[in-house]
Every structure is written in structure tokens, then in C-alpha cells.
file input.cif (mmCIF, C-alpha atoms)
data_work
#
loop_
_atom_site.group_PDB
_atom_site.id
_atom_site.type_symbol
_atom_site.label_atom_id
_atom_site.label_comp_id
_atom_site.auth_asym_id
_atom_site.auth_seq_id
_atom_site.Cartn_x
_atom_site.Cartn_y
_atom_site.Cartn_z
ATOM 1 C CA MET T 19 27.336 -34.186 -99.302
ATOM 2 C CA THR T 20 27.733 -31.388 -96.777
ATOM 3 C CA ASP T 21 30.157 -31.657 -93.894
ATOM 4 C CA LEU T 22 28.699 -30.611 -90.601
ATOM 5 C CA ARG T 23 30.845 -28.320 -88.480
ATOM 6 C CA VAL T 24 29.820 -27.026 -85.082
ATOM 7 C CA TYR T 25 31.594 -23.877 -83.875
ATOM 8 C CA ARG T 26 31.539 -22.765 -80.301
ATOM 9 C CA ASP T 27 32.873 -19.947 -78.217
ATOM 10 C CA ASP T 28 36.500 -20.833 -77.500
ATOM 11 C CA SER T 29 36.082 -19.654 -73.957
ATOM 12 C CA GLU T 30 33.637 -22.456 -73.208
ATOM 13 C CA ILE T 31 35.229 -24.729 -70.626
ATOM 14 C CA LEU T 32 34.509 -28.405 -71.072
ATOM 15 C CA MET T 33 34.250 -30.540 -68.010
ATOM 16 C CA TRP T 34 35.395 -33.478 -70.124
ATOM 17 C CA LYS T 35 36.248 -33.705 -73.797
ATOM 18 C CA TRP T 36 37.439 -36.671 -75.821
ATOM 19 C CA GLU T 37 40.653 -37.042 -77.795
ATOM 20 C CA ALA T 38 41.343 -39.706 -80.399
ATOM 21 C CA HIS T 39 45.061 -40.566 -80.604
ATOM 22 C CA TYR T 40 46.066 -42.254 -83.833
ATOM 23 C CA LEU T 41 48.795 -44.779 -84.542
ATOM 24 C CA ASP T 42 50.709 -42.172 -86.608
ATOM 25 C CA GLY T 43 50.849 -39.819 -83.612
ATOM 26 C CA SER T 44 48.175 -37.374 -84.767
ATOM 27 C CA VAL T 45 45.294 -36.367 -82.533
ATOM 28 C CA LEU T 46 41.670 -35.473 -83.209
ATOM 29 C CA SER T 47 40.175 -33.530 -80.322
ATOM 30 C CA GLN T 48 36.486 -33.038 -79.707
ATOM 31 C CA LYS T 49 37.223 -29.336 -79.472
ATOM 32 C CA ASP T 50 40.067 -28.333 -81.763
ATOM 33 C CA GLU T 51 42.216 -25.185 -81.836
ATOM 34 C CA ASP T 52 39.955 -23.527 -84.409
ATOM 35 C CA GLY T 53 36.922 -23.790 -82.187
ATOM 36 C CA ILE T 54 35.400 -26.607 -84.196
ATOM 37 C CA PHE T 55 33.597 -29.312 -82.294
ATOM 38 C CA HIS T 56 33.969 -32.766 -83.786
ATOM 39 C CA PHE T 57 31.655 -35.742 -83.707
ATOM 40 C CA ILE T 58 32.506 -39.275 -82.642
ATOM 41 C CA LYS T 59 31.618 -40.451 -86.129
ATOM 42 C CA GLU T 60 34.555 -38.446 -87.493
ATOM 43 C CA ILE T 61 37.042 -40.723 -85.712
ATOM 44 C CA ASP T 62 38.756 -43.280 -87.946
ATOM 45 C CA GLN T 63 38.559 -46.154 -85.484
ATOM 46 C CA SER T 64 40.660 -48.443 -87.691
ATOM 47 C CA LYS T 65 43.711 -46.219 -87.075
ATOM 48 C CA LEU T 66 43.148 -45.548 -83.390
ATOM 49 C CA SER T 67 45.899 -46.040 -80.840
ATOM 50 C CA SER T 68 44.050 -44.811 -77.734
ATOM 51 C CA PHE T 69 40.935 -42.890 -76.745
ATOM 52 C CA TRP T 70 41.205 -40.271 -74.020
ATOM 53 C CA MET T 71 38.868 -38.261 -71.832
ATOM 54 C CA ILE T 72 40.477 -34.992 -70.752
ATOM 55 C CA SER T 73 39.083 -32.334 -68.449
ATOM 56 C CA GLU T 74 39.673 -28.653 -69.061
ATOM 57 C CA LEU T 75 39.299 -28.090 -65.348
ATOM 58 C CA PRO T 76 42.262 -28.501 -63.011
ATOM 59 C CA ASN T 77 42.662 -31.462 -60.682
ATOM 60 C CA TYR T 78 41.007 -34.043 -62.919
ATOM 61 C CA PRO T 79 43.613 -36.414 -64.387
ATOM 62 C CA PRO T 80 43.046 -37.695 -67.922
ATOM 63 C CA ILE T 81 41.660 -41.171 -68.478
ATOM 64 C CA ALA T 82 42.861 -43.297 -71.396
ATOM 65 C CA LEU T 83 41.674 -46.445 -73.093
ATOM 66 C CA GLN T 84 44.292 -48.367 -75.034
ATOM 67 C CA TRP T 85 42.796 -49.423 -78.326
ATOM 68 C CA LYS T 86 42.599 -52.825 -79.963
ATOM 69 C CA GLU T 87 41.501 -53.663 -83.450
ATOM 70 C CA GLY T 88 37.866 -54.629 -83.783
ATOM 71 C CA ARG T 89 36.579 -52.415 -81.009
ATOM 72 C CA LYS T 90 33.835 -49.871 -81.519
ATOM 73 C CA ILE T 91 33.825 -46.632 -79.509
ATOM 74 C CA ILE T 92 30.987 -45.969 -77.106
ATOM 75 C CA HIS T 93 30.561 -42.329 -76.053
ATOM 76 C CA PHE T 94 27.517 -40.514 -74.715
ATOM 77 C CA TYR T 95 26.343 -38.154 -71.993
ATOM 78 C CA ARG T 96 23.915 -39.444 -69.385
ATOM 79 C CA VAL T 97 21.755 -36.658 -67.969
ATOM 80 C CA ARG T 98 19.750 -37.160 -64.796
ATOM 81 C CA ARG T 99 17.081 -34.841 -63.393
ATOM 82 C CA MET T 100 15.793 -35.336 -59.875
ATOM 83 C CA SER T 101 13.382 -33.702 -57.434
ATOM 84 C CA ILE T 102 11.748 -31.458 -60.002
ATOM 85 C CA GLY T 103 10.123 -28.408 -58.485
ATOM 86 C CA THR T 104 11.774 -28.738 -55.093
ATOM 87 C CA PRO T 105 14.593 -26.720 -53.546
ATOM 88 C CA GLU T 106 16.695 -29.864 -53.945
ATOM 89 C CA GLU T 107 16.140 -30.044 -57.718
ATOM 90 C CA LEU T 108 19.241 -31.449 -59.346
ATOM 91 C CA ILE T 109 20.366 -31.889 -62.916
ATOM 92 C CA TYR T 110 23.678 -33.546 -63.479
ATOM 93 C CA ARG T 111 25.609 -34.932 -66.408
ATOM 94 C CA MET T 112 27.697 -38.070 -66.454
ATOM 95 C CA TYR T 113 30.295 -38.683 -69.162
ATOM 96 C CA CYS T 114 30.161 -42.242 -70.452
ATOM 97 C CA PHE T 115 32.721 -43.815 -72.747
ATOM 98 C CA GLY T 116 34.171 -47.191 -73.541
ATOM 99 C CA TYR T 117 34.057 -49.775 -76.241
ATOM 100 C CA GLU T 118 32.179 -52.703 -77.612
ATOM 101 C CA GLY T 119 34.297 -55.637 -78.705
ATOM 102 C CA PRO T 120 33.451 -59.006 -80.169
ATOM 103 C CA ASP T 121 32.851 -60.528 -76.746
ATOM 104 C CA GLU T 122 32.313 -57.707 -74.286
ATOM 105 C CA LYS T 123 31.102 -54.185 -73.767
ATOM 106 C CA VAL T 124 32.893 -51.924 -71.278
ATOM 107 C CA ILE T 125 31.609 -48.516 -70.205
ATOM 108 C CA LEU T 126 33.380 -46.076 -67.898
ATOM 109 C CA THR T 127 31.098 -43.471 -66.347
ATOM 110 C CA ILE T 128 32.711 -40.286 -65.045
ATOM 111 C CA MET T 129 30.551 -38.994 -62.212
ATOM 112 C CA PRO T 130 30.111 -35.274 -61.393
ATOM 113 C CA ASP T 131 32.760 -35.500 -58.651
ATOM 114 C CA GLY T 132 35.277 -37.071 -61.035
ATOM 115 C CA GLY T 133 34.846 -40.584 -59.706
ATOM 116 C CA VAL T 134 34.719 -43.341 -62.297
ATOM 117 C CA ILE T 135 32.407 -46.329 -62.378
ATOM 118 C CA VAL T 136 33.362 -49.200 -64.645
ATOM 119 C CA SER T 137 30.692 -51.550 -65.896
ATOM 120 C CA ASP T 138 30.931 -54.356 -68.352
ATOM 121 C CA GLU T 139 28.690 -56.919 -69.883
ATOM 122 C CA VAL T 140 29.190 -59.947 -72.026
ATOM 123 C CA VAL T 141 27.897 -59.547 -75.541
ATOM 124 C CA ALA T 142 25.413 -62.302 -76.192
ATOM 125 C CA GLU T 143 26.784 -64.969 -78.461
ATOM 126 C CA VAL T 144 24.893 -65.276 -81.698
ATOM 127 C CA MET T 145 24.082 -68.919 -82.297
ATOM 128 C CA MET H 2 26.632 -30.822 -79.339
ATOM 129 C CA THR H 3 24.102 -29.955 -76.787
ATOM 130 C CA CYS H 4 20.425 -30.335 -76.320
ATOM 131 C CA THR H 5 17.830 -29.160 -73.856
ATOM 132 C CA LEU H 6 15.062 -31.444 -72.711
ATOM 133 C CA ALA H 7 11.893 -30.608 -70.850
ATOM 134 C CA ILE H 8 9.217 -32.772 -69.308
ATOM 135 C CA TYR H 9 5.641 -31.878 -70.133
ATOM 136 C CA GLU H 10 2.339 -33.057 -68.766
ATOM 137 C CA ARG H 11 -0.967 -33.235 -70.615
ATOM 138 C CA ASN H 12 -4.273 -32.760 -68.851
ATOM 139 C CA GLY H 13 -7.967 -32.645 -69.676
ATOM 140 C CA ALA H 14 -10.079 -34.163 -72.388
ATOM 141 C CA PRO H 15 -8.281 -34.894 -75.680
ATOM 142 C CA ALA H 16 -6.473 -33.184 -77.195
ATOM 143 C CA GLY H 17 -5.746 -31.819 -73.729
ATOM 144 C CA THR H 18 -3.449 -29.019 -72.661
ATOM 145 C CA ALA H 19 0.312 -29.517 -72.315
ATOM 146 C CA THR H 20 2.268 -27.771 -69.562
ATOM 147 C CA ALA H 21 5.943 -27.890 -68.613
ATOM 148 C CA VAL H 22 6.373 -29.835 -65.416
ATOM 149 C CA THR H 23 7.684 -28.097 -62.336
ATOM 150 C CA ASN H 24 6.465 -30.770 -59.946
ATOM 151 C CA THR H 25 4.807 -34.157 -60.111
ATOM 152 C CA ASN H 26 2.465 -33.939 -57.138
ATOM 153 C CA LEU H 27 -0.390 -36.433 -57.336
ATOM 154 C CA SER H 28 -3.893 -35.432 -56.305
ATOM 155 C CA GLY H 29 -7.005 -37.505 -55.741
ATOM 156 C CA SER H 30 -9.284 -34.720 -56.893
ATOM 157 C CA ARG H 31 -7.504 -32.682 -59.557
ATOM 158 C CA ASP H 32 -6.330 -33.481 -63.062
ATOM 159 C CA SER H 33 -3.946 -30.539 -63.112
ATOM 160 C CA PRO H 34 -0.259 -29.889 -63.695
ATOM 161 C CA ASN H 35 2.145 -28.554 -61.070
ATOM 162 C CA ILE H 36 -0.254 -28.910 -58.178
ATOM 163 C CA THR H 37 0.369 -27.172 -54.888
ATOM 164 C CA LEU H 38 -1.199 -29.777 -52.700
ATOM 165 C CA ILE H 39 -4.020 -28.825 -50.338
ATOM 166 C CA PRO H 40 -4.417 -31.701 -47.900
ATOM 167 C CA ALA H 41 -8.094 -31.057 -47.316
ATOM 168 C CA THR H 42 -9.021 -31.383 -50.947
ATOM 169 C CA ASP H 43 -6.195 -33.245 -52.706
ATOM 170 C CA ALA H 44 -5.926 -36.186 -50.320
ATOM 171 C CA ILE H 45 -6.455 -39.609 -51.837
ATOM 172 C CA THR H 46 -9.012 -41.658 -49.945
ATOM 173 C CA ALA H 47 -7.749 -45.002 -48.692
ATOM 174 C CA GLY H 48 -8.449 -47.683 -51.241
ATOM 175 C CA LEU H 49 -8.761 -45.185 -54.066
ATOM 176 C CA TYR H 50 -6.447 -43.657 -56.640
ATOM 177 C CA SER H 51 -4.799 -40.429 -57.624
ATOM 178 C CA TYR H 52 -5.438 -38.904 -61.009
ATOM 179 C CA GLU H 53 -3.121 -40.413 -63.581
ATOM 180 C CA LYS H 54 -0.163 -38.360 -64.756
ATOM 181 C CA TRP H 55 0.403 -38.326 -68.506
ATOM 182 C CA GLN H 56 3.883 -36.939 -69.101
ATOM 183 C CA TYR H 57 6.364 -36.886 -71.950
ATOM 184 C CA PHE H 58 9.934 -35.847 -72.639
ATOM 185 C CA THR H 59 10.494 -33.288 -75.364
ATOM 186 C CA VAL H 60 13.534 -31.523 -76.746
ATOM 187 C CA THR H 61 13.298 -27.749 -76.793
ATOM 188 C CA SER H 62 16.607 -27.456 -78.639
ATOM 189 C CA ILE H 63 19.026 -29.966 -80.082
ATOM 190 C CA ASP H 64 22.096 -29.479 -82.234
ATOM 191 C CA ALA H 65 22.334 -31.087 -85.633
ATOM 192 C CA GLY H 66 24.189 -34.366 -85.366
ATOM 193 C CA THR H 67 23.088 -34.973 -81.778
ATOM 194 C CA THR H 68 20.620 -37.694 -80.850
ATOM 195 C CA VAL H 69 18.922 -38.547 -77.573
ATOM 196 C CA SER H 70 17.514 -41.875 -76.447
ATOM 197 C CA GLY H 71 17.609 -44.141 -73.401
ATOM 198 C CA LEU H 72 14.741 -42.498 -71.514
ATOM 199 C CA LYS H 73 14.432 -43.807 -67.980
ATOM 200 C CA VAL H 74 12.163 -43.011 -65.069
ATOM 201 C CA TRP H 75 12.157 -44.359 -61.535
ATOM 202 C CA TYR H 76 11.537 -43.206 -57.999
ATOM 203 C CA THR H 77 13.807 -43.154 -54.992
ATOM 204 C CA GLY H 78 12.858 -43.185 -51.370
ATOM 205 C CA THR H 79 11.407 -45.897 -49.205
ATOM 206 C CA ILE H 80 8.439 -44.069 -47.888
ATOM 207 C CA ILE H 81 5.633 -45.620 -49.822
ATOM 208 C CA THR H 82 3.720 -47.493 -47.172
ATOM 209 C CA THR H 83 3.206 -51.189 -47.588
ATOM 210 C CA GLY H 84 0.039 -51.606 -49.562
ATOM 211 C CA ASP H 85 0.499 -48.400 -51.501
ATOM 212 C CA ALA H 86 1.350 -48.756 -55.145
ATOM 213 C CA LEU H 87 2.968 -46.389 -57.617
ATOM 214 C CA ASN H 88 1.964 -47.907 -60.923
ATOM 215 C CA THR H 89 3.064 -46.988 -64.422
ATOM 216 C CA ASN H 90 3.227 -48.003 -68.041
ATOM 217 C CA ALA H 91 7.037 -47.660 -67.912
ATOM 218 C CA THR H 92 8.708 -50.930 -68.740
ATOM 219 C CA THR H 93 12.002 -52.206 -70.087
ATOM 220 C CA THR H 94 10.287 -54.880 -72.176
ATOM 221 C CA SER H 95 7.336 -54.954 -74.544
ATOM 222 C CA TRP H 96 6.810 -51.199 -74.514
ATOM 223 C CA VAL H 97 3.446 -50.139 -75.930
ATOM 224 C CA GLN H 98 2.880 -46.574 -77.107
ATOM 225 C CA SER H 99 -0.334 -45.105 -75.643
ATOM 226 C CA ALA H 100 -2.637 -42.611 -77.351
ATOM 227 C CA TYR H 101 -3.566 -39.758 -75.058
ATOM 228 C CA ALA H 102 -6.758 -40.233 -73.049
ATOM 229 C CA GLN H 103 -8.178 -38.017 -70.332
ATOM 230 C CA PRO H 104 -6.460 -38.784 -67.005
ATOM 231 C CA LYS H 105 -8.715 -40.512 -64.521
ATOM 232 C CA ASN H 106 -8.756 -41.147 -60.785
ATOM 233 C CA THR H 107 -10.109 -44.637 -61.060
ATOM 234 C CA VAL H 108 -7.797 -47.577 -61.486
ATOM 235 C CA SER H 109 -5.575 -47.059 -64.518
ATOM 236 C CA THR H 110 -5.884 -49.614 -67.262
ATOM 237 C CA LEU H 111 -2.562 -48.563 -68.789
ATOM 238 C CA GLY H 112 -0.420 -47.892 -65.741
ATOM 239 C CA ILE H 113 -0.430 -51.440 -64.457
ATOM 240 C CA LYS H 114 3.246 -52.101 -63.805
ATOM 241 C CA THR H 115 5.188 -51.242 -60.682
ATOM 242 C CA MET H 116 7.268 -48.098 -60.949
ATOM 243 C CA PRO H 117 10.905 -49.149 -60.410
ATOM 244 C CA SER H 118 12.570 -47.924 -57.237
ATOM 245 C CA THR H 119 16.084 -48.220 -58.670
ATOM 246 C CA GLU H 120 17.532 -47.135 -61.993
ATOM 247 C CA PRO H 121 16.355 -49.548 -64.687
ATOM 248 C CA THR H 122 19.154 -51.270 -66.554
ATOM 249 C CA THR H 123 17.743 -50.168 -69.895
ATOM 250 C CA ALA H 124 15.289 -47.554 -71.153
ATOM 251 C CA ASN H 125 11.750 -47.859 -69.838
ATOM 252 C CA VAL H 126 10.015 -45.035 -71.710
ATOM 253 C CA GLY H 127 9.744 -45.246 -75.475
ATOM 254 C CA ILE H 128 10.313 -42.824 -78.299
ATOM 255 C CA ALA H 129 8.263 -43.507 -81.419
ATOM 256 C CA ASN H 130 7.228 -46.821 -79.873
ATOM 257 C CA ASP H 131 10.846 -47.932 -79.499
ATOM 258 C CA LEU H 132 12.904 -48.477 -76.341
ATOM 259 C CA THR H 133 16.212 -49.344 -77.941
ATOM 260 C CA GLY H 134 17.138 -46.078 -79.644
ATOM 261 C CA THR H 135 17.428 -47.916 -82.934
ATOM 262 C CA THR H 136 14.402 -46.359 -84.577
ATOM 263 C CA GLY H 137 13.159 -44.093 -81.800
ATOM 264 C CA TYR H 138 15.362 -41.141 -80.816
ATOM 265 C CA PHE H 139 15.264 -37.363 -80.654
ATOM 266 C CA SER H 140 17.128 -35.455 -83.334
ATOM 267 C CA ASN H 141 17.254 -32.078 -84.991
ATOM 268 C CA GLY H 142 14.527 -32.186 -87.647
ATOM 269 C CA GLY H 143 13.337 -35.593 -86.480
ATOM 270 C CA THR H 144 11.322 -36.840 -83.555
ATOM 271 C CA THR H 145 11.188 -34.341 -80.682
ATOM 272 C CA VAL H 146 8.487 -35.816 -78.430
ATOM 273 C CA SER H 147 8.541 -39.115 -76.540
ATOM 274 C CA ASP H 148 5.699 -41.536 -75.993
ATOM 275 C CA TYR H 149 3.560 -40.940 -72.923
ATOM 276 C CA LEU H 150 4.738 -41.921 -69.474
ATOM 277 C CA ILE H 151 1.692 -42.700 -67.327
ATOM 278 C CA PHE H 152 1.717 -43.166 -63.576
ATOM 279 C CA GLN H 153 -0.748 -43.234 -60.725
ATOM 280 C CA ILE H 154 -0.626 -43.938 -57.003
ATOM 281 C CA SER H 155 -3.089 -45.888 -54.904
ATOM 282 C CA VAL H 156 -3.101 -45.720 -51.133
ATOM 283 C CA ASN H 157 -4.340 -47.840 -48.277
ATOM 284 C CA ALA H 158 -5.623 -47.154 -44.809
ATOM 285 C CA ALA H 159 -2.150 -47.437 -43.288
ATOM 286 C CA SER H 160 -0.675 -44.682 -45.482
ATOM 287 C CA THR H 161 0.960 -41.800 -43.704
ATOM 288 C CA ALA H 162 -0.046 -38.332 -44.827
ATOM 289 C CA GLY H 163 2.618 -36.073 -46.220
ATOM 290 C CA HIS H 164 5.096 -38.702 -47.345
ATOM 291 C CA SER H 165 6.815 -38.207 -50.665
ATOM 292 C CA VAL H 166 9.193 -39.887 -53.058
ATOM 293 C CA THR H 167 11.604 -38.461 -55.594
ATOM 294 C CA MET H 168 10.943 -39.010 -59.276
ATOM 295 C CA ASN H 169 14.073 -39.411 -61.386
ATOM 296 C CA TYR H 170 14.218 -38.785 -65.128
ATOM 297 C CA GLN H 171 17.214 -39.670 -67.253
ATOM 298 C CA TYR H 172 18.311 -39.655 -70.896
ATOM 299 C CA ASP H 173 21.421 -40.353 -72.946
ATOM 300 C CA GLU H 174 22.827 -37.823 -75.390
ATOM 301 C CA TYR H 175 24.986 -38.926 -78.343
ATOM 302 C CA ALA H 176 27.126 -36.601 -80.461
#
call {"tool": "encode", "arguments": {"input": "input.cif", "output": "C-alpha cells"}}
result
Amino acid sequence: MTDLRVYRDDSEILMWKWEAHYLDGSVLSQKDEDGIFHFIKEIDQSKLSSFWMISELPNYPPIALQWKEGRKIIHFYRVRRMSIGTPEELIYRMYCFGYEGPDEKVILTIMPDGGVIVSDEVVAEVM
Amino acid sequence: MTCTLAIYERNGAPAGTATAVTNTNLSGSRDSPNITLIPATDAITAGLYSYEKWQYFTVTSIDAGTTVSGLKVWYTGTIITTGDALNTNATTTSWVQSAYAQPKNTVSTLGIKTMPSTEPTTANVGIANDLTGTTGYFSNGGTTVSDYLIFQISVNAASTAGHSVTMNYQYDEYA
């Protein structure tokens, strides 16, 4: 088996990156000090204490989710493209994260201006 | 952990010619991509139809370990006149993958659903005949082209010339 490692230019500024904080105090960052980018699947969710979204830009406070056993991390980027071919053409990226638990799914969406939309839905009960 | 997506349009008799989309203007007389509309010749006669658009999402680059799914399309704007219809094959349920056929300016037999005017709650354009992202998703070395999105507009006598709506395209990127 080959481990996948993605290296990037350290100077790349991330609008938002995730950090996994473990119960033993250690931290796995999406972008670590060696310039390695990590994947969500590398997080040991059974040992998680909290999951953070942190901006490398000033003026955006971090957002944290306290963790509970049995939750599964949700994390993705939602990209929207509007008005193709017009002077108003717009492409923007939303940062979506949250969790799916036994009874509910909660997603926080960080909008381009830093605003956060929280949405949740009840997970259908399996009869 | 990045990817680049483009939207392409296919035109002409199969296999057709694919072109990157820079606009989605609909014409009553031309099956062409990226049309600069000429009112005298591109206008859609009341009671008739535009040429269908056959478009698809495709990744032009995607990092290993990254996947893309959740394709959505909808329009915004309230300027379609009552009686006009922007119809499509996009749907959040019972998606059916369509094999490419030459676009036509008679009533579409595939684009028979109403194009949503707000963001759909779930994906409404399939990848590999799947809406859920379970089996159909873009990946490095895997699927890189979506199923076809088809849409067409019909107009009525009360339509106002020059009105437009904004098409919105969206996808979710996982890494």
C-alpha cells in the first residue's frame, strides 16, 4: 500500500483549513508545517476531541465543533458558478463541514464573506 | 486537493463537436455553442422552441484523492414570462442518463421537466447515471465527464424580447 502525500507551496494562503484536535492534545492540520496536505480520511475520528475550521486570513475567527463518540465528519467544498460569459460571471467556494450522528446530520456552510449558515436534517429511521 | 471543472456543450449530428461553454444563450435557429444573439435571426417564434442545449460537466484537472459529485443546475431571475417554459432533464429523482442525439428546435422529448428556479436540495445532474455520489463521481483516473444536461426554452406571444435569466452550476468537492 502506498501512502498518498500532497505537497504544496508553503506560501499558499488557505481561506479555511481544517484541524483535528485529539483527546491526547495532539493536532492534525490539513496543512502541516512540512507543507504536506492531509486528507479527511487520515483523521482518527474515534480519538477526536474537536474539529476546527481556521482561516489563514486575518479577521476570521476560528469555528469549532465539539466532538461526540459515534459522529462521522462531513467536510467538502461547494463550488458555484453563475452568469457564465457575462461581465458578472462569478465563481465562489463555500466551505462545508459538520457531522452525521445516529439521529441527525448537521452542516455548517462558511460563505465567501465569512458568514455561517447552519443546516440540519433528521436521519431517516431505519425500520 | 484541488480540481478544475469546465462545462462543455455538444452540438451537431452524433458524435457532435464539444466546445467549452462561455455562455448559454438559446437560439431558435442555431444549434451552436456560445452564441452571440442576433435578434433578427435567433429569435424564437411564439409557440415554438429554442434549440436544445446538451451540456456536461468535466474535470480538466483533479488531484489524486479528491472526488467531485453533487452536480446541481438551476436558474435565477423572475423574468420568464408566464407561459414560457425552461424545460430540462435535470431532476433530483429517477435520473436517466441520455445518449447524445442531435439537438433539435422542436419540442424536446428528453427535457420535459421544469428547470428549478431555486437551488435543488440534492443533485439534479447525474454522473455515470448516479445522482447520489455513491457510484458516480469524478476522480483522478476515474470518471471525468458527467451525464448530459439538456434544456430548452419555449416562448409564448406575451414574451418580452431581450429578457434573460442566470444559469447556476454547482458541485461539491471532497478531499
call {"tool": "closest_atom_pairs", "arguments": {"input": "input.cif", "of": "chain T", "to": "chain H", "cutoff": "6 Å", "atoms": "all atoms listed in the file", "output": "CSV"}}
result
residue,atom,partner,partner_atom,distance
T:Phe57,CA,H:Ala176,CA,5.6
T:Phe94,CA,H:Tyr175,CA,4.7
T:Tyr95,CA,H:Glu174,CA,4.9
T:Arg96,CA,H:Asp173,CA,4.4
T:Val97,CA,H:Tyr172,CA,5.4
T:Arg98,CA,H:Gln171,CA,4.3
T:Arg99,CA,H:Tyr170,CA,5.2
T:Met100,CA,H:Asn169,CA,4.7
T:Ser101,CA,H:Thr167,CA,5.4
T:Ile102,CA,H:Asn24,CA,5.3
T:Gly103,CA,H:Thr23,CA,4.6
call {"tool": "resolve_selection", "arguments": {"input": "input.cif", "expression": "the PyMOL selection byres ((chain H and resi 95) around 12)", "output": "MDAnalysis selection string"}}
result
chainID H and resid 90:94 96:98 114 124:127 130:133
call {"tool": "write_last_selection", "arguments": {"input": "input.cif", "atoms": "C-alpha atoms", "output": "compact mmCIF listing (two decimals), keeping the file's coordinate frame"}}
result
# COMPACT_ATOMS: atom_id res chain seq x y z
CA ASN H 90 3.23 -48.00 -68.04
CA ALA H 91 7.04 -47.66 -67.91
CA THR H 92 8.71 -50.93 -68.74
CA THR H 93 12.00 -52.21 -70.09
CA THR H 94 10.29 -54.88 -72.18
CA TRP H 96 6.81 -51.20 -74.51
CA VAL H 97 3.45 -50.14 -75.93
CA GLN H 98 2.88 -46.57 -77.11
CA LYS H 114 3.25 -52.10 -63.80
CA ALA H 124 15.29 -47.55 -71.15
CA ASN H 125 11.75 -47.86 -69.84
CA VAL H 126 10.02 -45.04 -71.71
CA GLY H 127 9.74 -45.25 -75.47
CA ASN H 130 7.23 -46.82 -79.87
CA ASP H 131 10.85 -47.93 -79.50
CA LEU H 132 12.90 -48.48 -76.34
CA THR H 133 16.21 -49.34 -77.94
call {"tool": "atom_distance", "arguments": {"input": "input.cif", "atom1": "CA of Thr107 in chain H", "atom2": "CA of Ser51 in chain H"}}
result
7.6 Å
call {"tool": "atom_distance", "arguments": {"input": "input.cif", "atom1": "CA of Pro34 in chain H", "atom2": "CA of Arg11 in chain H"}}
result
7.7 Å
call {"tool": "resolve_selection", "arguments": {"input": "input.cif", "expression": "the PyMOL selection byres ((chain H and resi 112) around 12)", "output": "ChimeraX atom specification"}}
result
/H:50-55,86-92,96-99,104-111,113-116,149-155
call {"tool": "atom_distance", "arguments": {"input": "input.cif", "atom1": "CA of Ile92 in chain T", "atom2": "CA of Phe139 in chain H"}}
result
18.3 Å
call {"tool": "resolve_selection", "arguments": {"input": "input.cif", "expression": "the PyMOL selection byres ((chain T and resi 33) around 10)", "output": "PDB file with C-alpha atoms, in the coordinates of the input"}}
result
ATOM      1  CA  GLU T  30      33.637 -22.456 -73.208  1.00  0.00           C
ATOM      2  CA  ILE T  31      35.229 -24.729 -70.626  1.00  0.00           C
ATOM      3  CA  LEU T  32      34.509 -28.405 -71.072  1.00  0.00           C
ATOM      4  CA  TRP T  34      35.395 -33.478 -70.124  1.00  0.00           C
ATOM      5  CA  LYS T  35      36.248 -33.705 -73.797  1.00  0.00           C
ATOM      6  CA  MET T  71      38.868 -38.261 -71.832  1.00  0.00           C
ATOM      7  CA  ILE T  72      40.477 -34.992 -70.752  1.00  0.00           C
ATOM      8  CA  SER T  73      39.083 -32.334 -68.449  1.00  0.00           C
ATOM      9  CA  GLU T  74      39.673 -28.653 -69.061  1.00  0.00           C
ATOM     10  CA  LEU T  75      39.299 -28.090 -65.348  1.00  0.00           C
ATOM     11  CA  PRO T  76      42.262 -28.501 -63.011  1.00  0.00           C
ATOM     12  CA  TYR T  78      41.007 -34.043 -62.919  1.00  0.00           C
ATOM     13  CA  ARG T 111      25.609 -34.932 -66.408  1.00  0.00           C
ATOM     14  CA  TYR T 113      30.295 -38.683 -69.162  1.00  0.00           C
ATOM     15  CA  PRO T 130      30.111 -35.274 -61.393  1.00  0.00           C
ATOM     16  CA  GLY T 132      35.277 -37.071 -61.035  1.00  0.00           C
TER      17      GLY T 132
END
call {"tool": "closest_residue", "arguments": {"input": "input.cif", "among": "T:Ser47, T:Asn77, T:Thr104, T:Ser68", "to": "Ile91 in chain T", "atoms": "all atoms listed in the file"}}
result
T:Ser68
call {"tool": "residues_around", "arguments": {"input": "input.cif", "residues": "Gly119 in chain T", "least_positions_apart": "5", "cutoff": "9 Å", "atoms": "only C-alpha atoms", "output": "PyMOL selection string"}}
result
chain T and resi 86-90+124+141
call {"tool": "residues_near_point", "arguments": {"input": "input.cif", "point": "(-1.3, -33.0, -53.9)", "cutoff": "7 Å", "atoms": "only C-alpha atoms", "output": "JSON, numbers by chain"}}
result
{"H": [26, 27, 28, 36, 37, 38, 39, 40, 43, 44]}
call {"tool": "closest_residue", "arguments": {"input": "input.cif", "among": "T:Trp85, T:Ile109, T:Pro79, T:Lys49", "to": "Lys65 in chain T", "atoms": "all atoms listed in the file"}}
result
T:Trp85
call {"tool": "residues_near_point", "arguments": {"input": "input.cif", "point": "(7.6, -41.2, -77.9)", "cutoff": "6 Å", "atoms": "all atoms listed in the file", "output": "ChimeraX atom specification"}}
result
/H:127-130,146-148
call {"tool": "closest_residue", "arguments": {"input": "input.cif", "among": "T:Glu139, T:Ile58, T:Leu41, T:Ser67", "to": "Glu122 in chain T", "atoms": "all atoms listed in the file"}}
result
T:Glu139
call {"tool": "closest_residue", "arguments": {"input": "input.cif", "among": "H:Gly48, H:Ser118, H:Thr61, H:Thr123", "to": "Ala158 in chain H", "atoms": "all atoms listed in the file"}}
result
H:Gly48
call {"tool": "residues_around", "arguments": {"input": "input.cif", "residues": "range 133-135 of chain T", "least_positions_apart": "5", "cutoff": "10 Å", "atoms": "only C-alpha atoms", "output": "MDAnalysis selection string"}}
result
chainID T and resid 78 81 112:114 125:128
call {"tool": "build_atoms", "arguments": {"input": "input.cif", "residues": "range 103-110 of chain T", "atoms": "N, CA and C atoms", "output": "short mmCIF file (atom, residue, chain, number, x, y, z; two decimals), in the coordinates of the input"}}
result
data_model
loop_
_atom_site.label_atom_id
_atom_site.label_comp_id
_atom_site.auth_asym_id
_atom_site.auth_seq_id
_atom_site.Cartn_x
_atom_site.Cartn_y
_atom_site.Cartn_z
N GLY T 103 11.02 -29.32 -59.18
CA GLY T 103 10.12 -28.41 -58.48
C GLY T 103 10.40 -28.25 -57.01
N THR T 104 11.46 -28.88 -56.52
CA THR T 104 11.77 -28.74 -55.09
C THR T 104 13.06 -27.93 -54.95
N PRO T 105 13.33 -27.45 -53.75
CA PRO T 105 14.59 -26.72 -53.55
C PRO T 105 15.81 -27.61 -53.80
N GLU T 106 15.59 -28.92 -53.74
CA GLU T 106 16.70 -29.86 -53.94
C GLU T 106 16.83 -30.28 -55.41
N GLU T 107 16.09 -29.63 -56.31
CA GLU T 107 16.14 -30.04 -57.72
C GLU T 107 17.58 -30.11 -58.21
N LEU T 108 17.87 -31.16 -58.96
CA LEU T 108 19.24 -31.45 -59.35
C LEU T 108 19.27 -31.96 -60.78
N ILE T 109 20.12 -31.37 -61.58
CA ILE T 109 20.37 -31.89 -62.92
C ILE T 109 21.86 -32.13 -63.02
N TYR T 110 22.25 -33.34 -63.29
CA TYR T 110 23.68 -33.55 -63.48
C TYR T 110 23.97 -34.45 -64.65
#
